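Next comes start18.cif, a file with mmCIF, C-alpha atoms.
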```cif
data_protein
loop_
_atom_site.label_atom_id
_atom_site.label_comp_id
_atom_site.auth_asym_id
_atom_site.auth_seq_id
_atom_site.Cartn_x
_atom_site.Cartn_y
_atom_site.Cartn_z
CA MET A 1 -2.17 2.13 -32.61
CA LYS A 2 -1.24 4.41 -29.77
CA LYS A 3 -0.58 7.95 -30.85
CA VAL A 4 2.04 9.69 -28.78
CA ASN A 5 3.34 13.19 -29.28
CA TRP A 6 6.12 14.48 -27.10
CA LYS A 7 5.40 18.14 -26.53
CA SER A 8 8.16 19.02 -24.15
CA ASN A 9 11.92 19.15 -24.39
CA ARG A 10 12.44 19.23 -20.66
CA ILE A 11 15.18 17.02 -19.34
CA PHE A 12 13.92 14.93 -16.49
CA LYS A 13 14.99 12.10 -14.28
CA MET A 14 12.75 9.07 -14.34
CA GLU A 15 13.52 8.00 -10.80
CA LEU A 16 11.31 10.63 -9.14
CA SER A 17 7.62 10.67 -9.53
CA ILE A 18 4.64 10.68 -7.25
CA VAL A 19 4.46 13.16 -4.42
CA VAL A 20 2.63 11.98 -1.37
CA SER A 21 0.44 14.89 -0.39
CA GLY A 22 -0.43 13.62 3.07
CA LEU A 23 -4.11 14.08 2.43
CA GLU A 24 -6.31 11.42 3.93
CA ASP A 25 -7.21 8.74 1.43
CA ALA A 26 -4.86 10.25 -1.14
CA ASN A 27 -2.54 8.38 -3.46
CA PHE A 28 -4.15 5.00 -3.59
CA LEU A 29 -3.83 2.21 -6.09
CA LEU A 30 -6.81 -0.01 -6.85
CA LYS A 31 -5.93 -3.52 -5.79
CA ARG A 32 -7.99 -6.61 -6.49
CA LYS A 33 -9.66 -7.98 -3.40
CA LYS A 34 -8.65 -11.51 -2.56
CA ARG A 35 -11.14 -14.35 -3.05
CA VAL A 36 -13.63 -12.07 -4.79
CA GLU A 37 -14.93 -13.01 -8.23
CA ILE A 38 -15.93 -10.26 -10.63
CA PRO A 39 -19.47 -10.94 -11.92
CA THR A 40 -19.65 -11.94 -15.58
CA MET A 41 -21.45 -8.78 -16.65
CA LYS A 42 -18.68 -6.62 -15.21
CA ALA A 43 -15.84 -8.98 -16.08
CA LYS A 44 -16.37 -8.35 -19.80
CA ASN A 45 -15.07 -4.82 -19.22
CA ILE A 46 -11.66 -5.94 -18.04
CA VAL A 47 -8.80 -8.22 -19.00
CA GLN A 48 -8.05 -9.99 -15.76
CA TRP A 49 -4.51 -10.95 -14.88
CA LYS A 50 -5.27 -14.59 -14.15
CA LYS A 51 -7.20 -15.13 -17.38
CA SER A 52 -4.51 -13.65 -19.62
CA ASP A 53 -1.89 -15.60 -17.68
CA ASN A 54 -3.79 -18.83 -18.32
CA LYS A 55 -4.08 -18.07 -22.02
CA LYS A 56 -0.34 -17.74 -22.31
CA LYS A 57 0.16 -21.18 -20.78
CA LYS A 58 -2.08 -22.95 -23.30
CA MET B 1 -20.02 -4.28 -3.86
CA SER B 2 -16.59 -3.52 -5.17
CA TRP B 3 -14.05 -5.95 -6.53
CA TYR B 4 -11.17 -3.62 -5.92
CA GLU B 5 -10.01 -1.90 -2.78
CA LYS B 6 -8.04 1.27 -2.26
CA SER B 7 -4.48 0.47 -1.30
CA ASP B 8 -2.11 3.23 -0.27
CA ILE B 9 0.92 3.40 -2.51
CA THR B 10 3.17 2.84 0.47
CA ASP B 11 1.42 -0.48 1.14
CA GLY B 12 2.03 -1.81 -2.37
CA GLN B 13 3.63 -5.24 -2.48
CA VAL B 14 5.35 -7.06 -5.32
CA ASP B 15 2.82 -9.18 -7.26
CA ASP B 16 -0.20 -7.22 -6.07
CA VAL B 17 -2.79 -7.24 -8.86
CA ILE B 18 -3.84 -3.68 -9.59
CA LEU B 19 -6.08 -1.92 -12.05
CA SER B 20 -4.37 -0.58 -15.14
CA TYR B 21 -5.20 0.32 -18.73
CA ASP B 22 -4.08 -0.68 -22.20
CA LEU B 23 -4.05 2.46 -24.34
CA ASP B 24 -3.56 0.49 -27.56
CA ARG B 25 -6.58 -1.75 -27.02
CA GLU B 26 -8.47 0.92 -25.09
CA THR B 27 -9.43 -1.50 -22.38
CA ILE B 28 -9.09 -1.83 -18.63
CA VAL B 29 -6.55 -4.48 -17.71
CA GLU B 30 -5.07 -5.88 -14.57
CA ALA B 31 -1.34 -5.54 -14.05
CA LYS B 32 1.05 -6.57 -11.34
CA LEU B 33 3.27 -4.42 -9.23
CA ILE B 34 6.87 -5.27 -10.05
CA GLY B 35 9.60 -4.43 -7.60
CA GLU B 36 9.29 -2.59 -4.34
CA VAL B 37 7.72 0.86 -4.32
CA GLU B 38 10.64 3.27 -4.35
CA GLU B 39 10.61 5.93 -1.68
CA LEU B 40 12.80 8.98 -2.18
CA ILE B 41 13.08 12.49 -0.85
CA SER B 42 12.57 15.26 -3.37
CA GLU B 43 14.06 18.72 -2.90
CA ASN B 44 13.26 21.84 -4.90
CA ALA B 45 11.58 20.15 -7.86
CA ASP B 46 8.52 21.48 -9.65
CA LYS B 47 5.34 19.81 -8.48
CA PHE B 48 1.85 20.02 -9.89
CA LYS B 49 -1.46 19.25 -8.26
CA LEU B 50 -3.89 18.31 -11.01
CA ILE B 51 -7.44 18.88 -9.80
CA LEU B 52 -10.43 17.26 -11.47
CA GLU B 53 -14.05 17.17 -10.41
CA GLY B 54 -13.98 14.92 -7.34
CA ARG B 55 -10.36 13.75 -7.54
CA GLN B 56 -6.83 15.04 -7.64
CA ILE B 57 -3.25 13.91 -7.92
CA GLU B 58 -0.02 15.64 -7.00
CA LEU B 59 3.04 14.82 -9.08
CA THR B 60 6.56 16.00 -9.49
CA VAL B 61 7.40 17.28 -12.95
CA TYR B 62 9.32 14.13 -13.78
CA HIS B 63 6.19 12.04 -13.89
CA ILE B 64 4.81 11.02 -17.27
CA ILE B 65 1.07 11.14 -17.68
CA PRO B 66 -1.20 10.36 -20.63
CA PHE B 67 -3.71 13.10 -21.40
CA TRP B 68 -5.97 14.24 -24.20
CA ARG B 69 -5.97 17.71 -25.76
CA ASP B 70 -8.39 18.46 -28.59
CA GLY B 71 -9.05 14.73 -28.83
CA GLU B 72 -5.38 13.89 -29.35
CA LEU B 73 -3.55 11.53 -26.99
CA ILE B 74 -0.34 13.01 -25.59
CA GLU B 75 2.10 11.40 -23.15
CA ASP B 76 4.45 13.85 -21.54
CA ASN B 77 5.63 15.06 -18.17
CA CYS B 78 2.89 16.43 -15.97
CA GLY B 79 4.21 19.98 -16.24
CA THR B 80 2.82 20.19 -19.76
CA VAL B 81 -0.76 19.45 -18.71
CA GLN B 82 -3.06 22.47 -18.98
CA VAL B 83 -6.47 23.29 -17.54
CA GLY B 84 -9.03 21.82 -19.93
CA ASP B 85 -6.93 18.80 -20.86
CA LYS B 86 -8.57 15.47 -20.08
CA LEU B 87 -7.22 12.58 -18.01
CA LEU B 88 -8.44 9.00 -18.08
CA CYS B 89 -10.34 8.12 -14.91
CA ILE B 90 -11.81 4.83 -13.76
CA ASP B 91 -14.96 3.85 -11.94
CA PRO B 92 -13.82 0.71 -10.10
CA GLU B 93 -17.38 -0.30 -9.25
CA GLU B 94 -18.66 -0.34 -12.83
CA LEU B 95 -15.24 -1.04 -14.38
CA THR B 96 -15.70 1.77 -16.87
CA VAL B 97 -13.45 4.70 -17.79
CA SER B 98 -14.13 8.28 -18.76
CA LYS B 99 -12.04 11.24 -19.80
CA GLU B 100 -12.38 13.98 -17.22
CA LYS B 101 -11.27 17.59 -17.48
CA VAL B 102 -8.53 19.15 -15.40
CA ILE B 103 -10.26 22.13 -13.81
CA GLU B 104 -7.37 23.58 -11.82
CA ILE B 105 -3.60 23.16 -11.49
CA GLU B 106 -1.67 24.19 -8.40
CA VAL B 107 2.05 24.65 -8.94
CA GLY B 108 4.64 24.38 -6.20
CA ARG B 109 8.05 23.03 -5.35
CA THR B 110 9.06 20.05 -3.28
CA ASP B 111 10.74 20.67 0.06
CA ASN B 112 12.19 17.49 1.51
CA THR B 113 9.03 15.85 0.28
CA PRO B 114 8.74 12.05 0.28
CA VAL B 115 7.89 10.72 -3.17
CA ARG B 116 6.86 7.22 -4.13
CA HIS B 117 7.28 5.46 -7.41
CA PRO B 118 5.37 2.24 -8.02
CA LYS B 119 6.20 0.21 -11.15
CA SER B 120 3.68 -2.00 -12.86
CA SER B 121 4.04 -4.85 -15.33
CA ASN B 122 2.51 -2.89 -18.22
CA GLY B 123 3.87 0.55 -17.30
CA TYR B 124 0.56 2.09 -16.31
CA TYR B 125 -1.64 2.21 -13.22
CA PHE B 126 -4.42 4.22 -11.71
CA VAL B 127 -3.59 6.43 -8.72
CA ASN B 128 -6.58 8.08 -7.09
CA GLY B 129 -8.52 6.69 -10.06
CA ILE B 130 -6.39 8.64 -12.57
CA LEU B 131 -4.25 6.84 -15.16
CA LEU B 132 -0.50 7.46 -14.87
CA HIS B 133 2.56 6.12 -16.64
CA ASP B 134 5.22 4.69 -14.35
#
```
Any chance you could give the structure as structure tokens?
Amino acid sequence: MKKVNWKSNRIFKMELSIVVSGLEDANFLLKRKKRVEIPTMKAKNIVQWKKSDNKKKK
Amino acid sequence: MSWYEKSDITDGQVDDVILSYDLDRETIVEAKLIGEVEELISENADKFKLILEGRQIELTVYHIIPFWRDGELIEDNCGTVQVGDKLLCIDPEELTVSKEKVIEIEVGRTDNTPVRHPKSSNGYYFVNGILLHD
């Protein structure tokens, strides 16, 4: 069970978030490479999108 | 050999599969980007650069981030993060995570600063290898 404590009473707007700093290589997401299979030994560390999607269809 | 590539936030496309994390199951998961990445201009808002060993992220105060203090998970806006708190970081090569300490925080204010807001299918994603809430 996720434990969440809200420590702040600040009012904030959800529509603003990440600031792009302009630094080289900054602010990157990690995107799956296309047509690349994750080796079995590593794949056990992650729930892959395609696999969970397939499970839902069964 | 890596199975994931760095993709600038501005290049994010709907349905891109990205690395994310499930805090309930404590496991790395893949999620999809949903919707276009919003681009806005921020003026005179508090911003915080959270600096860890070897990585950093700069956020406006409105951004929610999960962090650990004294072993307790907290999710709150980034302005509440303190030096010594730990953020969840990922090693995309090994597909492992670790909690790394914030060693410095630089505070500033936005000044016609472009901000981007990706949204993922499970509400979380890694930016610069650091887990954020969307």
Inset, instruction - Given the file shown, determine the residues that the PyMOL selection byres ((chain B) within 8 of (chain A)) selects; report them as a PyMOL selection string. - result: chain B and resi 3-9+16-19+23-24+27-32+40+42+47+57-63+72-77+80+92+94-96+113-117+125-129
Store the residues picked out above in a file with C-alpha atoms, as an mmCIF file, in the coordinates of the input.
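Heads up, here's the output in out.cif:
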```cif
data_model
loop_
_atom_site.group_PDB
_atom_site.id
_atom_site.type_symbol
_atom_site.label_atom_id
_atom_site.label_comp_id
_atom_site.auth_asym_id
_atom_site.auth_seq_id
_atom_site.Cartn_x
_atom_site.Cartn_y
_atom_site.Cartn_z
ATOM 1 C CA TRP B 3 -14.050 -5.950 -6.530
ATOM 2 C CA TYR B 4 -11.170 -3.620 -5.920
ATOM 3 C CA GLU B 5 -10.010 -1.900 -2.780
ATOM 4 C CA LYS B 6 -8.040 1.270 -2.260
ATOM 5 C CA SER B 7 -4.480 0.470 -1.300
ATOM 6 C CA ASP B 8 -2.110 3.230 -0.270
ATOM 7 C CA ILE B 9 0.920 3.400 -2.510
ATOM 8 C CA ASP B 16 -0.200 -7.220 -6.070
ATOM 9 C CA VAL B 17 -2.790 -7.240 -8.860
ATOM 10 C CA ILE B 18 -3.840 -3.680 -9.590
ATOM 11 C CA LEU B 19 -6.080 -1.920 -12.050
ATOM 12 C CA LEU B 23 -4.050 2.460 -24.340
ATOM 13 C CA ASP B 24 -3.560 0.490 -27.560
ATOM 14 C CA THR B 27 -9.430 -1.500 -22.380
ATOM 15 C CA ILE B 28 -9.090 -1.830 -18.630
ATOM 16 C CA VAL B 29 -6.550 -4.480 -17.710
ATOM 17 C CA GLU B 30 -5.070 -5.880 -14.570
ATOM 18 C CA ALA B 31 -1.340 -5.540 -14.050
ATOM 19 C CA LYS B 32 1.050 -6.570 -11.340
ATOM 20 C CA LEU B 40 12.800 8.980 -2.180
ATOM 21 C CA SER B 42 12.570 15.260 -3.370
ATOM 22 C CA LYS B 47 5.340 19.810 -8.480
ATOM 23 C CA ILE B 57 -3.250 13.910 -7.920
ATOM 24 C CA GLU B 58 -0.020 15.640 -7.000
ATOM 25 C CA LEU B 59 3.040 14.820 -9.080
ATOM 26 C CA THR B 60 6.560 16.000 -9.490
ATOM 27 C CA VAL B 61 7.400 17.280 -12.950
ATOM 28 C CA TYR B 62 9.320 14.130 -13.780
ATOM 29 C CA HIS B 63 6.190 12.040 -13.890
ATOM 30 C CA GLU B 72 -5.380 13.890 -29.350
ATOM 31 C CA LEU B 73 -3.550 11.530 -26.990
ATOM 32 C CA ILE B 74 -0.340 13.010 -25.590
ATOM 33 C CA GLU B 75 2.100 11.400 -23.150
ATOM 34 C CA ASP B 76 4.450 13.850 -21.540
ATOM 35 C CA ASN B 77 5.630 15.060 -18.170
ATOM 36 C CA THR B 80 2.820 20.190 -19.760
ATOM 37 C CA PRO B 92 -13.820 0.710 -10.100
ATOM 38 C CA GLU B 94 -18.660 -0.340 -12.830
ATOM 39 C CA LEU B 95 -15.240 -1.040 -14.380
ATOM 40 C CA THR B 96 -15.700 1.770 -16.870
ATOM 41 C CA THR B 113 9.030 15.850 0.280
ATOM 42 C CA PRO B 114 8.740 12.050 0.280
ATOM 43 C CA VAL B 115 7.890 10.720 -3.170
ATOM 44 C CA ARG B 116 6.860 7.220 -4.130
ATOM 45 C CA HIS B 117 7.280 5.460 -7.410
ATOM 46 C CA TYR B 125 -1.640 2.210 -13.220
ATOM 47 C CA PHE B 126 -4.420 4.220 -11.710
ATOM 48 C CA VAL B 127 -3.590 6.430 -8.720
ATOM 49 C CA ASN B 128 -6.580 8.080 -7.090
ATOM 50 C CA GLY B 129 -8.520 6.690 -10.060
#
```
Inset, instruction - Work out how far atom CA of Gly35 of chain B is from atom CA of Arg55 of chain B, in Å to one decimal. - result: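 Atom CA of Gly35 of chain B lies at a distance of 27.0 Å from atom CA of Arg55 of chain B.
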Legend entry - Coordinates-based distance that separates atom CA of Val83 of chain B from atom CA of Glu26 of chain B (Å, one decimal):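 Those two atoms sit 23.7 Å apart.
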Inset, instruction - Could you expand the PyMOL selection byres ((chain B and resi 120) around 7) into the explicit residues it covers here, written as an NGL selection string? - result: :B and (31-34 or 118-119 or 121-125)
Legend entry - Separation of atom CA of Gly79 of chain B from atom CA of Glu104 of chain B in Å: 12.9 Å
Legend entry - segment 97-101 of chain B environment, 7 Å, all atoms listed in the file, sequence neighbours closer than 2 positions dropped, as number ranges by chain: B: 52, 84-91, 95, 103
Would you compute the box with edges along x, y and z of the file around segment 112-130 of chain B, including every atom the file lists for it and 6 Å extra on each side, and give its centre and edge lengths in Å to one decimal, as AutoDock Vina command-line options?
```
--center_x 1.8 --center_y 6.3 --center_z -8.4 --size_x 32.7 --size_y 34.3 --size_z 31.7
```
Legend entry - Pick from B:Trp68, B:Ile105, B:Asp111, B:Asp134 nearest to Ile51 of chain B, counting all atoms listed in the file: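 Among the listed residues, the smallest separation from Ile51 of chain B belongs to B:Ile105.
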